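Enquirer: This is start_13.cif (mmCIF, C-alpha atoms).
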data_my_file
#
loop_
_atom_site.label_atom_id
_atom_site.label_comp_id
_atom_site.auth_asym_id
_atom_site.auth_seq_id
_atom_site.Cartn_x
_atom_site.Cartn_y
_atom_site.Cartn_z
CA MET X 52 12.47 -1.71 13.32
CA PHE X 53 11.70 1.78 12.03
CA ALA X 54 13.29 3.32 15.15
CA ARG X 55 13.28 6.77 13.56
CA ILE X 56 9.92 6.92 11.90
CA ARG X 57 7.66 4.09 12.90
CA ALA X 58 4.23 5.09 14.09
CA VAL X 59 2.93 2.15 16.06
CA ALA X 60 -0.75 1.62 15.44
CA CYS X 61 -2.71 -0.04 18.21
CA LEU X 62 -5.56 -1.73 16.44
CA THR X 63 -8.83 -2.94 17.85
CA ALA X 64 -11.54 -4.35 15.68
CA THR X 65 -15.11 -5.54 16.05
CA ILE X 66 -17.20 -6.84 13.16
CA LEU X 67 -20.85 -5.92 13.51
CA ALA X 68 -23.35 -7.64 11.25
CA GLY X 69 -25.83 -5.57 9.31
CA ALA X 70 -24.04 -2.22 9.67
CA ALA X 71 -25.21 0.49 7.29
CA PHE X 72 -23.15 3.23 5.66
CA GLN X 73 -23.38 6.68 7.22
CA PRO X 74 -25.32 9.09 4.97
CA GLN X 75 -22.48 11.66 4.82
CA MET X 76 -20.07 9.13 3.26
CA ALA X 77 -19.23 8.87 -0.41
CA GLN X 78 -21.47 6.92 -2.73
CA ALA X 79 -20.81 3.22 -2.14
CA GLU X 80 -20.31 2.30 -5.80
CA ASP X 81 -17.71 5.00 -6.53
CA ARG X 82 -14.44 3.63 -7.84
CA GLY X 83 -11.87 4.35 -5.17
CA PRO X 84 -8.23 5.23 -5.81
CA ILE X 85 -5.91 2.75 -7.51
CA VAL X 86 -3.08 1.41 -5.34
CA VAL X 87 0.47 1.50 -6.71
CA GLU X 88 3.13 -0.21 -4.61
CA LEU X 89 6.76 0.61 -5.43
CA TYR X 90 9.38 -1.86 -4.22
CA THR X 91 12.57 0.16 -3.95
CA SER X 92 15.84 0.50 -2.06
CA GLN X 93 18.33 3.21 -1.25
CA GLY X 94 21.03 0.73 -2.31
CA CYS X 95 19.68 0.25 -5.84
CA SER X 96 21.21 2.50 -8.52
CA SER X 97 18.20 1.98 -10.83
CA CYS X 98 15.67 3.10 -8.20
CA PRO X 99 15.97 6.94 -7.95
CA PRO X 100 14.09 7.55 -11.24
CA ALA X 101 11.28 5.28 -10.00
CA ASP X 102 11.29 7.06 -6.64
CA ALA X 103 10.90 10.37 -8.49
CA PHE X 104 8.07 8.97 -10.61
CA LEU X 105 6.29 7.72 -7.48
CA SER X 106 6.39 11.30 -6.17
CA THR X 107 4.33 12.42 -9.17
CA LEU X 108 1.83 9.62 -8.51
CA ALA X 109 1.67 10.58 -4.83
CA ALA X 110 0.28 13.97 -5.80
CA ARG X 111 -2.76 12.40 -7.49
CA ASP X 112 -6.07 11.95 -5.69
CA ASP X 113 -7.06 8.96 -7.85
CA VAL X 114 -3.93 7.00 -6.88
CA ILE X 115 -2.62 5.76 -3.55
CA ALA X 116 1.13 5.55 -4.17
CA LEU X 117 3.11 3.61 -1.56
CA ALA X 118 6.88 3.14 -1.35
CA LEU X 119 7.91 -0.14 0.28
CA HIS X 120 11.65 -0.22 0.91
CA VAL X 121 13.11 -3.72 0.82
CA ASP X 122 16.15 -4.89 2.77
CA TYR X 123 17.84 -7.31 0.36
CA TRP X 124 20.09 -4.59 -1.09
CA ASP X 125 21.60 -3.77 2.31
CA TYR X 126 24.47 -6.24 1.83
CA ILE X 127 26.26 -4.01 -0.69
CA GLY X 128 27.29 -1.52 1.98
CA TRP X 129 24.37 0.82 2.68
CA LYS X 130 21.52 -0.07 5.02
CA ASP X 131 18.25 1.44 3.85
CA GLU X 132 16.88 3.20 6.92
CA PHE X 133 13.32 2.62 5.69
CA GLY X 134 13.92 -0.99 4.64
CA SER X 135 12.05 -3.87 6.20
CA PRO X 136 12.18 -7.65 5.77
CA ALA X 137 8.37 -7.55 5.98
CA PHE X 138 8.23 -5.58 2.72
CA SER X 139 10.73 -7.94 1.06
CA HIS X 140 8.50 -10.80 2.19
CA ARG X 141 5.39 -9.14 0.76
CA GLN X 142 7.11 -8.65 -2.60
CA LYS X 143 8.27 -12.27 -2.63
CA ASN X 144 4.74 -13.42 -1.83
CA TYR X 145 3.45 -11.48 -4.83
CA ALA X 146 6.01 -13.27 -7.01
CA ARG X 147 5.14 -16.66 -5.54
CA PHE X 148 1.41 -16.07 -5.99
CA ALA X 149 2.04 -15.15 -9.65
CA GLY X 150 4.24 -18.20 -10.23
CA ARG X 151 7.51 -16.28 -10.57
CA ARG X 152 10.80 -17.26 -8.95
CA SER X 153 12.48 -13.87 -8.60
CA VAL X 154 11.90 -10.29 -7.51
CA TYR X 155 13.54 -7.06 -8.58
CA THR X 156 13.76 -3.34 -7.91
CA PRO X 157 12.34 -0.98 -8.89
CA GLN X 158 9.08 -2.87 -9.28
CA MET X 159 5.58 -1.41 -9.19
CA VAL X 160 2.54 -3.55 -8.39
CA ILE X 161 -0.77 -2.03 -9.45
CA GLN X 162 -3.94 -2.91 -7.56
CA GLY X 163 -2.27 -6.11 -6.29
CA GLN X 164 -2.56 -7.72 -9.73
CA ASP X 165 -0.16 -6.35 -12.35
CA ASP X 166 3.54 -5.64 -12.03
CA VAL X 167 5.80 -3.48 -14.16
CA VAL X 168 9.28 -1.95 -14.02
CA GLY X 169 8.98 1.23 -11.96
CA THR X 170 10.82 3.31 -14.57
CA HIS X 171 8.20 2.64 -17.27
CA PRO X 172 5.67 5.43 -16.61
CA MET X 173 3.57 4.82 -19.73
CA ASP X 174 3.06 1.17 -18.77
CA VAL X 175 2.09 2.23 -15.25
CA ALA X 176 -0.33 4.83 -16.63
CA ASP X 177 -1.97 2.21 -18.86
CA LEU X 178 -2.42 -0.17 -15.93
CA ILE X 179 -3.90 2.55 -13.74
CA LEU X 180 -6.44 3.31 -16.49
CA LYS X 181 -7.17 -0.40 -16.90
CA HIS X 182 -8.04 -0.83 -13.23
CA ARG X 183 -9.91 2.47 -13.01
CA ASP X 184 -12.25 1.20 -15.73
CA THR X 185 -13.11 -2.04 -13.88
CA GLU X 186 -16.15 -2.40 -11.65
CA PRO X 187 -15.29 -2.26 -7.94
CA GLY X 188 -15.78 -5.45 -5.96
CA VAL X 189 -16.22 -3.75 -2.59
CA ALA X 190 -17.70 -0.45 -1.44
CA LEU X 191 -15.45 1.09 1.23
CA ALA X 192 -15.85 4.24 3.30
CA LEU X 193 -13.75 5.75 6.09
CA GLN X 194 -14.39 8.49 8.59
CA ARG X 195 -12.63 9.83 11.64
CA ALA X 196 -14.33 8.93 14.90
CA GLY X 197 -12.31 11.15 17.24
CA ASN X 198 -9.68 10.33 19.85
CA GLY X 199 -7.32 8.86 17.27
CA ARG X 200 -9.87 6.38 15.97
CA ILE X 201 -11.33 5.72 12.54
CA GLN X 202 -14.50 3.98 11.42
CA ILE X 203 -14.29 1.54 8.50
CA ASP X 204 -17.46 0.46 6.69
CA ALA X 205 -17.56 -1.92 3.74
CA ARG X 206 -19.95 -4.12 1.82
CA ALA X 207 -19.40 -6.58 -1.00
CA LEU X 208 -20.69 -5.66 -4.45
CA ARG X 209 -20.24 -9.20 -5.78
CA THR X 210 -19.71 -12.72 -4.45
CA PHE X 211 -16.26 -13.80 -3.28
CA SER X 212 -15.07 -17.39 -2.87
CA GLY X 213 -13.16 -16.70 0.33
CA PRO X 214 -12.56 -14.08 3.01
CA LEU X 215 -10.84 -10.78 2.27
CA VAL X 216 -8.09 -9.24 4.38
CA VAL X 217 -8.63 -5.77 5.82
CA GLN X 218 -5.31 -3.97 6.29
CA ILE X 219 -4.13 -0.65 7.67
CA VAL X 220 -1.12 1.12 6.16
CA ARG X 221 0.69 4.15 7.58
CA TYR X 222 3.23 6.19 5.65
CA LEU X 223 5.61 9.11 5.97
CA PRO X 224 4.65 11.64 3.25
CA SER X 225 8.20 12.71 2.39
CA ALA X 226 11.85 12.44 3.38
CA SER X 227 15.22 13.30 1.89
CA VAL X 228 18.19 11.01 2.51
CA GLU X 229 21.89 11.56 1.95
CA ILE X 230 23.32 8.21 0.88
CA LEU X 231 26.97 7.74 1.81
CA ARG X 232 27.79 4.25 0.57
CA GLY X 233 26.66 1.64 -1.92
CA GLU X 234 25.55 2.13 -5.52
CA ASN X 235 24.00 5.55 -4.79
CA ALA X 236 26.92 6.89 -2.71
CA GLY X 237 27.13 10.68 -2.82
CA ARG X 238 23.50 11.19 -3.85
CA THR X 239 20.73 12.85 -1.88
CA VAL X 240 17.42 11.23 -2.83
CA ALA X 241 13.91 12.49 -2.11
CA TYR X 242 11.30 9.88 -1.24
CA SER X 243 7.51 10.08 -1.04
CA ASN X 244 4.83 8.08 0.80
CA ILE X 245 7.33 5.86 2.62
CA VAL X 246 5.44 2.99 4.24
CA THR X 247 6.24 2.66 7.93
CA GLU X 248 3.54 0.20 8.98
CA TRP X 249 1.46 -2.44 7.17
CA LYS X 250 -0.81 -4.46 9.45
CA PRO X 251 -3.69 -6.87 8.93
CA LEU X 252 -6.70 -5.74 10.89
CA ALA X 253 -9.33 -8.42 10.26
CA GLU X 254 -10.56 -11.11 7.89
CA TRP X 255 -14.00 -10.45 6.45
CA ASP X 256 -16.12 -13.21 4.91
CA THR X 257 -18.15 -10.60 2.90
CA SER X 258 -21.49 -12.32 3.57
CA LYS X 259 -22.55 -9.37 5.73
CA PRO X 260 -21.56 -5.70 5.82
CA LEU X 261 -18.40 -4.89 7.75
CA LYS X 262 -17.95 -2.27 10.45
CA ILE X 263 -14.56 -1.89 12.14
CA ALA X 264 -13.33 0.65 14.66
CA ALA X 265 -9.54 1.04 14.73
CA ASP X 266 -7.12 3.01 16.86
CA VAL X 267 -4.64 4.89 14.64
CA PRO X 268 -2.63 7.28 16.83
CA GLY X 269 -0.17 9.76 15.40
CA GLU X 270 -0.13 12.25 12.56
CA GLN X 271 0.74 10.00 9.63
CA PRO X 272 -1.89 9.43 6.93
CA VAL X 273 -4.03 6.30 7.17
CA VAL X 274 -4.75 3.94 4.28
CA VAL X 275 -7.18 1.04 4.46
CA LEU X 276 -6.93 -1.77 1.91
CA ILE X 277 -9.27 -4.70 1.39
CA GLN X 278 -7.40 -7.41 -0.49
CA GLN X 279 -7.71 -11.00 -1.54
CA LYS X 280 -5.36 -13.43 0.17
CA GLY X 281 -2.14 -14.27 -1.57
CA PRO X 282 -1.57 -11.32 -1.64
CA GLY X 283 -3.95 -10.98 -4.54
CA ALA X 284 -6.26 -8.38 -6.01
CA ILE X 285 -6.94 -5.24 -4.00
CA GLU X 286 -10.71 -4.93 -4.05
CA ALA X 287 -10.98 -1.52 -2.36
CA ALA X 288 -8.79 1.21 -0.94
CA ALA X 289 -9.37 4.48 0.87
CA ARG X 290 -7.23 7.08 2.61
CA LEU X 291 -7.48 9.69 5.33
CA ARG X 292 -4.70 12.29 5.24
#
The structure given in the file should be rewritten as structure tokens.

Expert:
Amino acid sequence: MFARIRAVACLTATILAGAAFQPQMAQAEDRGPIVVELYTSQGCSSCPPADAFLSTLAARDDVIALALHVDYWDYIGWKDEFGSPAFSHRQKNYARFAGRRSVYTPQMVIQGQDDVVGTHPMDVADLILKHRDTEPGVALALQRAGNGRIQIDARALRTFSGPLVVQIVRYLPSASVEILRGENAGRTVAYSNIVTEWKPLAEWDTSKPLKIAADVPGEQPVVVLIQQKGPGAIEAAARLR
């Protein structure tokens, strides 16, 4: 999977009780960037406008825009080279958690809670503003620790009923693909922030501060998400480019 682009992240984690934030990190209560997940496919004729819109979101510092290419369009004659059954499964889990029976492309999921058609930029903008105005549930800070490692520190700002999932995401910032078959045959499409790896790192019960050291080799940007199970609400997100 991802033979051409995958950056394999070797992850090691240790949770240390009572860890404090480093003084040079951002203020703990700052609202971090809002996460926008686009479920897309090179085989979907409706997706290129959403892919282009995601590129505009990818340029924003207050948004972490992630393109997750699904594989269920491959049957029509063009295999999406970025597609993964894992991303199709994540999208289906969102639908199941929300009580829906179907999925579609292009779909955007904002902060793990709201979904909208990916070609409706005003609706997406409204949802980004909605989540930016909410109080954060978790304070999250990242810093590079050298030798391909990062340090992740977090603490809960409110009480949670269950553990949260700490995840690491890697992505390819940009790529251009000439599509030869399927609904987009003859088109060359530019893509941004193409997810190549999405891995759970640890479960955190939030009763004590969290400190995790993770190995993240390679040059691709690193995103850390702390999310409710389901998948549900994303409580915090941070990125190191």

Enquirer: Output as CSV one row per residue of stretch 63-157 of chain X within 10 Å of stretch 209-231 of chain X: the closest atom pair and its distance in Å to one decimal place, counting all atoms listed in the file, sorted by chain and residue number ascending.

Expert:
residue,atom,partner,partner_atom,distance
X:Gln93,CA,X:Ile230,CA,7.4
X:Gly94,CA,X:Ile230,CA,8.4
X:Ser106,CA,X:Ser225,CA,8.9
X:Ala109,CA,X:Pro224,CA,8.7
X:Leu117,CA,X:Tyr222,CA,7.7
X:Ala118,CA,X:Tyr222,CA,8.5
X:Leu119,CA,X:Tyr222,CA,9.5
X:Gly128,CA,X:Leu231,CA,9.3
X:Trp129,CA,X:Leu231,CA,7.4
X:Lys130,CA,X:Ile230,CA,9.4
X:Asp131,CA,X:Ile230,CA,9.0
X:Glu132,CA,X:Val228,CA,9.1

Enquirer: Expanded to explicit residues, what is the PyMOL selection byres ((chain X and resi 246) around 12) for this file, as an mmCIF file with C-alpha atoms, in the frame of the given file?

Expert:
data_model
loop_
_atom_site.group_PDB
_atom_site.id
_atom_site.type_symbol
_atom_site.label_atom_id
_atom_site.label_comp_id
_atom_site.auth_asym_id
_atom_site.auth_seq_id
_atom_site.Cartn_x
_atom_site.Cartn_y
_atom_site.Cartn_z
ATOM 1 C CA PHE X 53 11.700 1.780 12.030
ATOM 2 C CA ILE X 56 9.920 6.920 11.900
ATOM 3 C CA ARG X 57 7.660 4.090 12.900
ATOM 4 C CA ALA X 58 4.230 5.090 14.090
ATOM 5 C CA GLU X 88 3.130 -0.210 -4.610
ATOM 6 C CA LEU X 89 6.760 0.610 -5.430
ATOM 7 C CA TYR X 90 9.380 -1.860 -4.220
ATOM 8 C CA THR X 91 12.570 0.160 -3.950
ATOM 9 C CA ILE X 115 -2.620 5.760 -3.550
ATOM 10 C CA ALA X 116 1.130 5.550 -4.170
ATOM 11 C CA LEU X 117 3.110 3.610 -1.560
ATOM 12 C CA ALA X 118 6.880 3.140 -1.350
ATOM 13 C CA LEU X 119 7.910 -0.140 0.280
ATOM 14 C CA HIS X 120 11.650 -0.220 0.910
ATOM 15 C CA VAL X 121 13.110 -3.720 0.820
ATOM 16 C CA GLU X 132 16.880 3.200 6.920
ATOM 17 C CA PHE X 133 13.320 2.620 5.690
ATOM 18 C CA GLY X 134 13.920 -0.990 4.640
ATOM 19 C CA SER X 135 12.050 -3.870 6.200
ATOM 20 C CA ALA X 137 8.370 -7.550 5.980
ATOM 21 C CA PHE X 138 8.230 -5.580 2.720
ATOM 22 C CA ILE X 219 -4.130 -0.650 7.670
ATOM 23 C CA VAL X 220 -1.120 1.120 6.160
ATOM 24 C CA ARG X 221 0.690 4.150 7.580
ATOM 25 C CA TYR X 222 3.230 6.190 5.650
ATOM 26 C CA LEU X 223 5.610 9.110 5.970
ATOM 27 C CA PRO X 224 4.650 11.640 3.250
ATOM 28 C CA SER X 225 8.200 12.710 2.390
ATOM 29 C CA ALA X 226 11.850 12.440 3.380
ATOM 30 C CA TYR X 242 11.300 9.880 -1.240
ATOM 31 C CA SER X 243 7.510 10.080 -1.040
ATOM 32 C CA ASN X 244 4.830 8.080 0.800
ATOM 33 C CA ILE X 245 7.330 5.860 2.620
ATOM 34 C CA THR X 247 6.240 2.660 7.930
ATOM 35 C CA GLU X 248 3.540 0.200 8.980
ATOM 36 C CA TRP X 249 1.460 -2.440 7.170
ATOM 37 C CA LYS X 250 -0.810 -4.460 9.450
ATOM 38 C CA GLN X 271 0.740 10.000 9.630
ATOM 39 C CA PRO X 272 -1.890 9.430 6.930
ATOM 40 C CA VAL X 273 -4.030 6.300 7.170
ATOM 41 C CA VAL X 274 -4.750 3.940 4.280
#

Enquirer: Using all atoms listed in the file, can you tell me which of X:Ile201, X:Ile161, X:Ala241, X:Ala284 comes closest to X:Pro187?

Expert: X:Ala284

Enquirer: Can you measure atom CA of X:Thr257 to atom CA of X:Lys280 for me? One decimal in Å is fine.

Expert: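 Distance reported for this atom pair: 13.4 Å.
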
Enquirer: Using only C-alpha atoms, which residues sit within 10 Å of X:Pro136 once same-chain residues fewer than 3 positions away are excluded, as a PDB file with C-alpha atoms, in the frame of the given file?

Expert:
ATOM      1  CA  MET X  52      12.470  -1.710  13.320  1.00  0.00           C
ATOM      2  CA  HIS X 120      11.650  -0.220   0.910  1.00  0.00           C
ATOM      3  CA  VAL X 121      13.110  -3.720   0.820  1.00  0.00           C
ATOM      4  CA  ASP X 122      16.150  -4.890   2.770  1.00  0.00           C
ATOM      5  CA  TYR X 123      17.840  -7.310   0.360  1.00  0.00           C
ATOM      6  CA  SER X 139      10.730  -7.940   1.060  1.00  0.00           C
ATOM      7  CA  HIS X 140       8.500 -10.800   2.190  1.00  0.00           C
ATOM      8  CA  ARG X 141       5.390  -9.140   0.760  1.00  0.00           C
ATOM      9  CA  GLN X 142       7.110  -8.650  -2.600  1.00  0.00           C
TER      10      GLN X 142
END

Enquirer: Can you work out which one of X:Val175, X:Val267, X:Ala207, X:Leu252 has the shortest atom-to-atom distance to X:Arg195, counting all atoms listed in the file?

Expert: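 Closest residue, counting all atoms listed in the file: X:Val267.
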